[in-house]
Amino acid sequence: MDILNRREWLKKSLIATGAMSSFSLAGFIEVNSSAEEVKCIENDNEVVRLLYNENHLGPSASVKKAMTDVMHRSNRYATFYKYDANALKQLIADQEGLSPKNILLGHGSFEPLIWAAIHFGSKGEEIIVPSPTFDVIGLFARKIGANITQVEVDSAFKMNLTDMESRVSASTSLLTICNPNNPTGTVIETEKLKSFCRLVSEKTTVLVDEAYIHFLPSWRKHTMASLINEGENVLVTRTFSKIFGLAGMRIGFMMGPEDLIKELESKFTLGFPGNMPNSISMAAAMTAIKDNTFLEKSRHENNKTRNLFYKELERLNLKYIPSEANFVYFDVTNFKSYKKLMNENKILLAGGWPTKPNWARVTMGTNSDINYLFDKMKGKKWL
Ligand SMILES: Cc1ncc(COP(=O)(O)O)c(C=O)c1O
């Protein structure tokens, strides 16, 4: 289907469901609906983006204002200013009950993850990672000569902590966890993960990637950041790319013990404050982190869409894993031909990871994105 036909399809289906009160072709789709305050913000109208686990609602209005308000100051490095690295670190530290010295900022969380891969993997050490997961560290560290041990998730698609712990040896420099995990969407029970981190961090550094933690309503109870104050050898990464709706701004951070954060910051940034994330992204992050209304709304919309998604999968008799994040992992039984069908319809999604070759991961996009996806899936043409 070409894009014009797709727009027609979307327009018709929105009229049919009574969801549309205004419609703009200029920016892909723009729905102002009293019933469904879900607005697609894309301008590139070539594809349906169900691939990167972005938040289609963001950035929030307050964040957009903060960004435009600092644009005029782009001639300056982001230092000695209300939106600079020190101010953002302080804000995060206050939220997490930590010191700014426990925080390292990065261009996305990707950057601190790569730094961790270099730091812990460049001397040929062993790094233990779960599988499947969003494995920046394993992929990068392998390139620079580290030995990567992948530990498969258990039969419930949860991280197999017992198996992971049993693999730790004297040559293990790092063990990584992703919670909630991408792509499975599963979480580890909080006390169980805390005990695991306490135990394993006696032997090696544990890094917990919490890119999706804010999708849990009481996320503060679930974060492993509190272990840092207990003196555990634990690193935690977070990002503004997911629920905060700021993927394009490239801003994220790592939290950890003061001496390790100091070592990483001095090694990878040379401590040069001008090379911290840019002023617009820091203004965005500092505003977003305080915007609880937007976080609530994002969680609420995500829950609604996820429930709709489950119902559709059940209707098609497809097996899925209940998710705690903004994506769902499901078994399409033949990912290769499923992906082909999706590509033909310009739907971007992920899947086909080696140990689960027929599972797909779909981001919870707008309702019309999801309806469009299932419209294409109904005929089960990929089976
Ligand atoms: C689990 C996880 N961690 C980290 C990232 C990196 O995100 P960013 O570099 O945008 O912070 C992603 C991106 O999809 C992710 O899924």
# chains A, B, ... in the order shown; residues from 1 in each chain; ligands from 1
call {"tool": "select_by_dssp", "arguments": {"residues": "stretch 329-375 of chain A", "states": "strand (DSSP E)", "output": "ChimeraX atom specification"}}
result
/A:329-331,347-348,350-351,359-363
call {"tool": "residues_around", "arguments": {"residues": "A:Glu263", "least_positions_apart": "5", "cutoff": "12 Å", "atoms": "only C-alpha atoms", "output": "compact mmCIF listing (two decimals) with N, CA and C atoms, in the first residue's frame"}}
result
# COMPACT_ATOMS: atom_id res chain seq x y z
N LYS A 101 27.74 13.72 42.66
CA LYS A 101 28.98 12.98 42.35
C LYS A 101 28.70 11.53 41.97
N ASN A 102 27.46 11.09 42.18
CA ASN A 102 27.09 9.72 41.79
C ASN A 102 26.56 9.67 40.36
N ILE A 103 26.60 10.83 39.65
CA ILE A 103 25.90 10.87 38.36
C ILE A 103 26.82 11.27 37.21
N LEU A 104 26.66 10.54 36.11
CA LEU A 104 27.44 10.79 34.90
C LEU A 104 26.43 10.99 33.76
N TRP A 115 30.62 3.46 27.14
CA TRP A 115 31.76 3.72 28.03
C TRP A 115 31.97 2.54 28.97
N ALA A 116 30.86 2.00 29.48
CA ALA A 116 30.98 0.84 30.39
C ALA A 116 31.57 -0.34 29.62
N HIS A 119 35.27 0.35 29.34
CA HIS A 119 35.93 0.30 30.63
C HIS A 119 36.06 -1.12 31.16
N GLY A 256 26.09 5.72 39.98
CA GLY A 256 26.96 4.68 40.55
C GLY A 256 27.80 5.20 41.68
N PRO A 257 28.65 4.35 42.24
CA PRO A 257 29.53 4.76 43.34
C PRO A 257 30.42 5.94 42.90
N GLU A 258 30.62 6.88 43.82
CA GLU A 258 31.36 8.11 43.51
C GLU A 258 32.70 7.87 42.80
N PHE A 268 36.38 9.35 30.06
CA PHE A 268 35.66 9.48 28.79
C PHE A 268 35.25 10.91 28.42
N THR A 269 35.25 11.83 29.38
CA THR A 269 34.89 13.21 29.02
C THR A 269 36.05 14.16 29.31
N LEU A 270 37.10 13.65 29.92
CA LEU A 270 38.23 14.45 30.40
C LEU A 270 37.76 15.55 31.34
N GLY A 271 36.55 15.37 31.84
CA GLY A 271 36.00 16.35 32.78
C GLY A 271 35.70 17.69 32.13
call {"tool": "closest_residue", "arguments": {"among": "A:Ser173, A:Ser131, A:Thr366, A:Asn182", "to": "ligand 1", "atoms": "only C-alpha atoms and all ligand atoms"}}
result
A:Asn182
call {"tool": "atom_distance", "arguments": {"atom1": "atom CA of A:Tyr310", "atom2": "atom CA of A:Glu296"}}
result
21.1 Å
call {"tool": "residues_near_ligand", "arguments": {"ligand": "ligand 1", "cutoff": "6 Å", "atoms": "only C-alpha atoms and all ligand atoms", "output": "list of chain:residue names"}}
result
A:Tyr52, A:Gly108, A:Ser109, A:Phe110, A:Phe134, A:Asn182, A:Asp209, A:Ala211, A:Thr239, A:Ser241, A:Ala247, A:Arg250, A:Gly252
call {"tool": "residues_around", "arguments": {"residues": "A:Asn275", "least_positions_apart": "5", "cutoff": "10 Å", "atoms": "only C-alpha atoms", "output": "PyMOL selection string"}}
result
chain A and resi 77-79+85+106-107+269-270
call {"tool": "residues_around", "arguments": {"residues": "A:Lys376", "least_positions_apart": "3", "cutoff": "12 Å", "atoms": "only C-alpha atoms", "output": "VMD selection string"}}
result
chain A and resid 1 6 9 312 316 338 to 347 369 to 373 379 to 382
call {"tool": "decode", "arguments": {"residues": "stretch 37-174 of chain A", "atoms": "C-alpha atoms", "output": "JSON list (two decimals), in the first residue's frame"}}
result
[["chain", "number", "residue", "atom", "x", "y", "z"],
["A", 37, "GLU", "CA", -6.41, 12.79, 23.18],
["A", 38, "VAL", "CA", -3.78, 10.86, 21.31],
["A", 39, "LYS", "CA", -1.84, 12.94, 18.88],
["A", 40, "CYS", "CA", 0.68, 11.72, 16.39],
["A", 41, "ILE", "CA", 3.52, 14.20, 16.32],
["A", 42, "GLU", "CA", 5.45, 12.81, 13.37],
["A", 43, "ASN", "CA", 6.25, 14.96, 10.41],
["A", 44, "ASP", "CA", 7.93, 12.26, 8.38],
["A", 45, "ASN", "CA", 4.93, 10.47, 7.03],
["A", 46, "GLU", "CA", 6.67, 7.66, 5.26],
["A", 47, "VAL", "CA", 6.50, 4.99, 7.90],
["A", 48, "VAL", "CA", 4.61, 3.72, 10.93],
["A", 49, "ARG", "CA", 7.17, 3.85, 13.73],
["A", 50, "LEU", "CA", 6.65, 0.89, 16.02],
["A", 51, "LEU", "CA", 10.35, 0.15, 16.23],
["A", 52, "TYR", "CA", 12.26, 2.24, 18.75],
["A", 53, "ASN", "CA", 9.98, 2.33, 21.79],
["A", 54, "GLU", "CA", 9.63, 6.10, 21.53],
["A", 55, "ASN", "CA", 6.77, 7.92, 23.28],
["A", 56, "HIS", "CA", 4.45, 9.16, 20.53],
["A", 57, "LEU", "CA", 2.92, 11.69, 22.95],
["A", 58, "GLY", "CA", 6.10, 13.59, 23.70],
["A", 59, "PRO", "CA", 7.75, 15.90, 24.32],
["A", 60, "SER", "CA", 5.22, 17.54, 26.63],
["A", 61, "ALA", "CA", 4.09, 21.13, 26.12],
["A", 62, "SER", "CA", 6.16, 22.37, 29.08],
["A", 63, "VAL", "CA", 9.28, 20.67, 27.67],
["A", 64, "LYS", "CA", 8.76, 22.15, 24.21],
["A", 65, "LYS", "CA", 8.52, 25.61, 25.78],
["A", 66, "ALA", "CA", 11.71, 25.09, 27.80],
["A", 67, "MET", "CA", 13.55, 23.99, 24.67],
["A", 68, "THR", "CA", 12.48, 26.96, 22.58],
["A", 69, "ASP", "CA", 13.25, 29.33, 25.46],
["A", 70, "VAL", "CA", 16.94, 28.32, 25.49],
["A", 71, "MET", "CA", 17.45, 28.10, 21.74],
["A", 72, "HIS", "CA", 18.70, 31.69, 21.54],
["A", 73, "ARG", "CA", 21.60, 30.72, 23.81],
["A", 74, "SER", "CA", 23.00, 28.08, 21.49],
["A", 75, "ASN", "CA", 26.13, 30.12, 20.85],
["A", 76, "ARG", "CA", 27.24, 29.35, 24.42],
["A", 77, "TYR", "CA", 28.57, 26.14, 25.90],
["A", 78, "ALA", "CA", 26.09, 24.75, 28.38],
["A", 79, "THR", "CA", 28.03, 25.86, 31.46],
["A", 80, "PHE", "CA", 27.48, 28.38, 34.29],
["A", 81, "TYR", "CA", 23.81, 28.47, 33.40],
["A", 82, "LYS", "CA", 20.52, 27.39, 34.96],
["A", 83, "TYR", "CA", 20.43, 24.43, 32.56],
["A", 84, "ASP", "CA", 23.92, 23.01, 32.82],
["A", 85, "ALA", "CA", 25.40, 19.64, 33.77],
["A", 86, "ASN", "CA", 25.74, 20.58, 37.44],
["A", 87, "ALA", "CA", 22.11, 21.69, 37.66],
["A", 88, "LEU", "CA", 20.81, 18.55, 35.95],
["A", 89, "LYS", "CA", 22.97, 16.28, 38.08],
["A", 90, "GLN", "CA", 21.72, 18.04, 41.21],
["A", 91, "LEU", "CA", 18.10, 17.59, 40.15],
["A", 92, "ILE", "CA", 18.59, 13.88, 39.45],
["A", 93, "ALA", "CA", 20.51, 13.48, 42.70],
["A", 94, "ASP", "CA", 17.66, 15.11, 44.66],
["A", 95, "GLN", "CA", 15.11, 12.79, 43.04],
["A", 96, "GLU", "CA", 17.17, 9.69, 43.72],
["A", 97, "GLY", "CA", 18.50, 10.57, 47.17],
["A", 98, "LEU", "CA", 22.07, 10.58, 45.82],
["A", 99, "SER", "CA", 24.87, 13.12, 45.43],
["A", 100, "PRO", "CA", 25.63, 14.80, 42.07],
["A", 101, "LYS", "CA", 28.98, 12.98, 42.35],
["A", 102, "ASN", "CA", 27.09, 9.72, 41.79],
["A", 103, "ILE", "CA", 25.90, 10.87, 38.36],
["A", 104, "LEU", "CA", 27.44, 10.79, 34.90],
["A", 105, "LEU", "CA", 25.55, 12.40, 32.00],
["A", 106, "GLY", "CA", 25.64, 11.13, 28.45],
["A", 107, "HIS", "CA", 24.31, 11.71, 24.96],
["A", 108, "GLY", "CA", 21.49, 9.23, 25.45],
["A", 109, "SER", "CA", 22.11, 6.32, 27.79],
["A", 110, "PHE", "CA", 23.78, 4.64, 24.82],
["A", 111, "GLU", "CA", 26.92, 6.66, 25.50],
["A", 112, "PRO", "CA", 27.45, 5.65, 29.15],
["A", 113, "LEU", "CA", 26.66, 2.07, 28.10],
["A", 114, "ILE", "CA", 29.40, 2.18, 25.47],
["A", 115, "TRP", "CA", 31.76, 3.72, 28.03],
["A", 116, "ALA", "CA", 30.98, 0.84, 30.39],
["A", 117, "ALA", "CA", 31.67, -1.64, 27.57],
["A", 118, "ILE", "CA", 35.09, -0.05, 26.96],
["A", 119, "HIS", "CA", 35.93, 0.30, 30.63],
["A", 120, "PHE", "CA", 34.99, -3.22, 31.63],
["A", 121, "GLY", "CA", 35.75, -5.03, 28.40],
["A", 122, "SER", "CA", 38.94, -3.64, 26.90],
["A", 123, "LYS", "CA", 41.33, -6.00, 28.67],
["A", 124, "GLY", "CA", 39.66, -9.15, 27.37],
["A", 125, "GLU", "CA", 37.63, -9.68, 30.52],
["A", 126, "GLU", "CA", 34.37, -11.58, 30.69],
["A", 127, "ILE", "CA", 31.04, -9.76, 30.66],
["A", 128, "ILE", "CA", 27.81, -11.61, 31.49],
["A", 129, "VAL", "CA", 24.66, -10.43, 29.73],
["A", 130, "PRO", "CA", 21.10, -11.72, 29.53],
["A", 131, "SER", "CA", 19.56, -12.86, 26.24],
["A", 132, "PRO", "CA", 17.53, -11.58, 24.57],
["A", 133, "THR", "CA", 18.10, -8.02, 25.70],
["A", 134, "PHE", "CA", 19.03, -4.57, 24.39],
["A", 135, "ASP", "CA", 22.67, -5.53, 24.42],
["A", 136, "VAL", "CA", 24.74, -2.43, 23.60],
["A", 137, "ILE", "CA", 27.41, -3.51, 26.07],
["A", 138, "GLY", "CA", 27.78, -7.08, 24.77],
["A", 139, "LEU", "CA", 27.83, -5.99, 21.13],
["A", 140, "PHE", "CA", 30.40, -3.30, 21.69],
["A", 141, "ALA", "CA", 32.61, -5.13, 24.18],
["A", 142, "ARG", "CA", 32.84, -8.14, 21.88],
["A", 143, "LYS", "CA", 34.28, -5.88, 19.17],
["A", 144, "ILE", "CA", 37.09, -4.83, 21.49],
["A", 145, "GLY", "CA", 37.98, -8.35, 22.57],
["A", 146, "ALA", "CA", 35.89, -9.05, 25.67],
["A", 147, "ASN", "CA", 34.40, -12.51, 26.21],
["A", 148, "ILE", "CA", 30.65, -12.23, 26.32],
["A", 149, "THR", "CA", 28.61, -14.88, 28.12],
["A", 150, "GLN", "CA", 24.94, -14.74, 27.19],
["A", 151, "VAL", "CA", 22.46, -16.23, 29.63],
["A", 152, "GLU", "CA", 19.09, -17.11, 28.14],
["A", 153, "VAL", "CA", 15.90, -15.93, 29.88],
["A", 154, "ASP", "CA", 13.87, -18.64, 31.63],
["A", 155, "SER", "CA", 10.68, -20.28, 30.36],
["A", 156, "ALA", "CA", 8.61, -17.30, 31.60],
["A", 157, "PHE", "CA", 10.92, -14.99, 29.60],
["A", 158, "LYS", "CA", 12.31, -13.56, 32.85],
["A", 159, "MET", "CA", 15.99, -13.11, 33.52],
["A", 160, "ASN", "CA", 17.51, -16.26, 34.91],
["A", 161, "LEU", "CA", 19.30, -14.81, 37.92],
["A", 162, "THR", "CA", 20.40, -18.15, 39.33],
["A", 163, "ASP", "CA", 22.03, -19.12, 36.07],
["A", 164, "MET", "CA", 23.63, -15.67, 35.69],
["A", 165, "GLU", "CA", 25.07, -15.77, 39.20],
["A", 166, "SER", "CA", 26.50, -19.24, 38.66],
["A", 167, "ARG", "CA", 28.51, -17.95, 35.66],
["A", 168, "VAL", "CA", 30.38, -15.27, 37.63],
["A", 169, "SER", "CA", 34.08, -16.08, 37.88],
["A", 170, "ALA", "CA", 37.30, -14.33, 38.81],
["A", 171, "SER", "CA", 37.61, -13.00, 35.25],
["A", 172, "THR", "CA", 34.10, -11.48, 35.20],
["A", 173, "SER", "CA", 34.38, -7.69, 35.14],
["A", 174, "LEU", "CA", 30.70, -6.83, 34.64]]
